[in-house]
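These notes are about the structure you will find just below.
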Amino acid sequence: FLELMPWSAEFEKATFQRPDFTSLEVLAFGSSGVPAGINIPNYDDIRQNEGFKNVSLGNVLQASYGAGDKPVTFILERDQALFKAFKGPAFEVQVGIHELLGHGSGRLYHKNSKDSVAFLESKVKCPWDASKVLDGPFYDEGTTWDSTFGKIASPYEECRAECSGIYLCLEKDVLQVFGHSDVVKGQVHDIIYINWLLMVRAGLMGLEFFTPETKTWRQAHMNARYVILRVLLEAAQGLVKLELINNDTDVLVHLERDLIPTVGKKAIGDFLEKLQVYKSMGDFENASQMFASYSEVPEDMLKLRAIVMARKEPRKLLVQPHMSMTENGCQITEYAESPEGMIESFVARFPAVDEELWGLYEADLDAMKDQ
């Protein structure tokens, strides 16, 4: 599947380290925010040379993306039923590609390494400017993706993985891996349409996490999805339209289904290729300029942000059970689906004094003293 990515072989790992992939049904997750999927470790040098692991939390996907009775905000009436029916399966496809092939793909070049020397000797031309031969700047010796790209490393990488998801979901063979074998050549499968619609809506809703006063983004994934929305709007040709309604108090997302495999694929493919080339080359200057330009929130988007904030719904709370050991063995305690139940579950999970943690501290106390 990596051969289907929009970049050439020079920007992909010489040997793909086959990841460990597991889908789990979790009883509980010790955090206030429960992810739908995890890719570890977050170190590209280890991913490239050693390998990585992916985990999909199946019941978290089901709980977070189950269909409700209320209309979905910003979605057209004609798309409501389809959106509710397929948002769960579509997001499962997106998470799988995002974690497995998005975060798991791509090659990094370091200065004076055997790979970078061979790259320079090959005189690889810039994919979008054939008059230019790529010659770095490459990563300094001893540096990493995170240390080189700094504050933009996380949103930039999430954007690359999200783009990989909507790009590769267009492929019949990829969808079949996820059990969708009813793909008809020349037609946009419902999974594809809803996955792209999910991304466009997520980009719009991501404006909640932009702070106008400081012009900064507070959440990497939301920044990434907003950038993708800007890319798709820039593609024009009627692919994506944000329609203001009800005296500019609401907005509806229009996504032209038939243009996804043509206009949409080209727009995301071209952008994804640039994301990867800049990352492979360690080209922070050009990467940051490009990403910052798409991250900007102009006046028309600030107006949409006001609508998003006005239509904001309460955050979904996942009330988790608590496991404890008793005389009769392991016991699972469940809590009411309410704010009170959430608080009770956290009190049980994180008591004022955790006896087990305190015991570990006391056992290691001597080792922590100055010798």
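In the structure tokens, chains take the letters A, B, ... in the order shown, each chain's residues start at 1, and ligands count up from 1 in the order shown.
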**Request:** Using DSSP on the backbone coordinates, identify all residues within segment 122-248 of chain A classified as strand (DSSP E or B); present the result as an MDAnalysis selection string.
**Result:** chainID A and resid 125:126 129:133 139 210:211 216:217 240:245
**Message:** as an NGL selection string, please: the residues near Pro89 of chain A (cut-off 12 Å, only C-alpha atoms, same-chain neighbours under 2 positions excluded).
**Reply:** :A and (58 or 61-62 or 64-67 or 82-87 or 91-96 or 169 or 175 or 178-180 or 190-195 or 198)
**Message:** I'd like to know which residues of segment 23-255 of chain A are alpha helix (DSSP H) (by DSSP, run on the backbone); could you write them as a PyMOL selection string?
**Reply:** chain A and resi 44-49+58-64+80-97+114-122+145-149+153-168+172-177+190-205+220-235
**Complete:** Judged by only C-alpha atoms, the minimum distance to Ser23 of chain A among A:Ala367, A:Val183, A:Leu100, A:Val200 is found for A:Leu100
**Request:** Do a neighbour search on Glu208 of chain A at 9 Å with only C-alpha atoms, toss out local chain neighbours closer than 3 positions, and write the hits as a list in words.
**Result:** Leu204, Met205, Thr211, Met222, Arg305, Ala306, Val308, Met309 and Lys312 of chain A
**Long-range neighbours of Gly269 of chain A as number ranges by chain, 8 Å cut-off, only C-alpha atoms, 4 positions minimum in chain** = A: 5-6, 167, 265, 273
**Prompt:** Which is closer to Thr148 of chain A than all the others in A:Lys369, A:Lys316, A:Lys185, A:Lys279, using only C-alpha atoms?
**Reply:**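 Result for the nearest residue to Thr148 of chain A: A:Lys279.
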With only C-alpha atoms as the counted atoms, please give the residues lying no more than 9 Å from Glu141 of chain A, apart from itself and same-chain residues fewer than 6 positions off, as a PDB file with N, CA, C and O atoms, in the first residue's frame.
ATOM      1  N   HIS A 110      19.656  12.218   7.153  1.00  0.00           N
ATOM      2  CA  HIS A 110      20.565  12.952   8.021  1.00  0.00           C
ATOM      3  C   HIS A 110      21.852  13.302   7.274  1.00  0.00           C
ATOM      4  O   HIS A 110      22.309  12.541   6.409  1.00  0.00           O
ATOM      5  N   LYS A 111      22.404  14.445   7.612  1.00  0.00           N
ATOM      6  CA  LYS A 111      23.645  14.894   6.965  1.00  0.00           C
ATOM      7  C   LYS A 111      24.763  13.869   7.134  1.00  0.00           C
ATOM      8  O   LYS A 111      24.915  13.259   8.205  1.00  0.00           O
ATOM      9  N   ASN A 112      25.509  13.701   6.062  1.00  0.00           N
ATOM     10  CA  ASN A 112      26.709  12.844   6.065  1.00  0.00           C
ATOM     11  C   ASN A 112      26.414  11.357   6.286  1.00  0.00           C
ATOM     12  O   ASN A 112      27.335  10.572   6.507  1.00  0.00           O
ATOM     13  N   SER A 113      25.140  10.991   6.237  1.00  0.00           N
ATOM     14  CA  SER A 113      24.809   9.569   6.352  1.00  0.00           C
ATOM     15  C   SER A 113      24.958   8.904   4.986  1.00  0.00           C
ATOM     16  O   SER A 113      24.996   9.572   3.946  1.00  0.00           O
TER      17      SER A 113
END
**Prompt:** Between A:Lys266, A:Arg218, A:Lys303, A:His322, which one has atoms that come closest to Pro155 of chain A, using only C-alpha atoms?
**Reply:** A:Arg218
**Length of the atom CA of Asn54 of chain A to atom CA of Ile38 of chain A vector [Å]** = 5.7 Å
**Item:** Closest of A:Ser293, A:Phe149, A:Val55, A:Asp364 to Val26 of chain A - atom-to-atom distances counting only C-alpha atoms
**Value:**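 Closest candidate: A:Val55.
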**Prompt:** Of the candidates A:Leu252, A:Val319, A:Ala130, A:Leu24, which shows the shortest atom-to-atom distance to Met342 of chain A, using only C-alpha atoms?
**Reply:**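 The shortest atom-to-atom distance to Met342 of chain A comes from A:Val319.
The smallest atom-to-atom distance between Leu27 of chain A and any of A:Glu299, A:Glu334, A:Glu344, A:Asp366, using only C-alpha atoms, is found for A:Glu334.
What separates atom CA of Gly104 of chain A from atom CA of Ala161 of chain A is a distance of 8.7 Å.
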**Prompt:** Which residues, written as a ChimeraX atom specification, have at least one atom at most 8 Å from Leu168 of chain A, with only C-alpha atoms counted and residues fewer than 6 positions away on the same chain left out?
**Reply:** /A:4-5,97,174
**Request:** Do a neighbour search on Ser31 of chain A at 12 Å with only C-alpha atoms, toss out local chain neighbours closer than 5 positions, and write the hits as a ChimeraX atom specification.
**Result:** /A:317-320,342,345-346,349-350
Would you save the residues from that selection as an mmCIF file, in the first residue's frame, using C-alpha atoms?
data_model
loop_
_atom_site.group_PDB
_atom_site.id
_atom_site.type_symbol
_atom_site.label_atom_id
_atom_site.label_comp_id
_atom_site.auth_asym_id
_atom_site.auth_seq_id
_atom_site.Cartn_x
_atom_site.Cartn_y
_atom_site.Cartn_z
ATOM 1 C CA LEU A 317 -17.946 11.926 28.647
ATOM 2 C CA LEU A 318 -16.786 8.317 28.692
ATOM 3 C CA VAL A 319 -17.572 6.937 32.136
ATOM 4 C CA GLN A 320 -15.183 4.060 32.751
ATOM 5 C CA MET A 342 -17.638 10.259 36.108
ATOM 6 C CA SER A 345 -15.025 6.594 38.800
ATOM 7 C CA PHE A 346 -12.089 9.025 39.044
ATOM 8 C CA ARG A 349 -9.207 5.158 40.171
ATOM 9 C CA PHE A 350 -7.120 7.971 41.654
#
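Atom pair atom CA of Pro137 of chain A / atom CA of Ile228 of chain A: separated by 26.0 Å.
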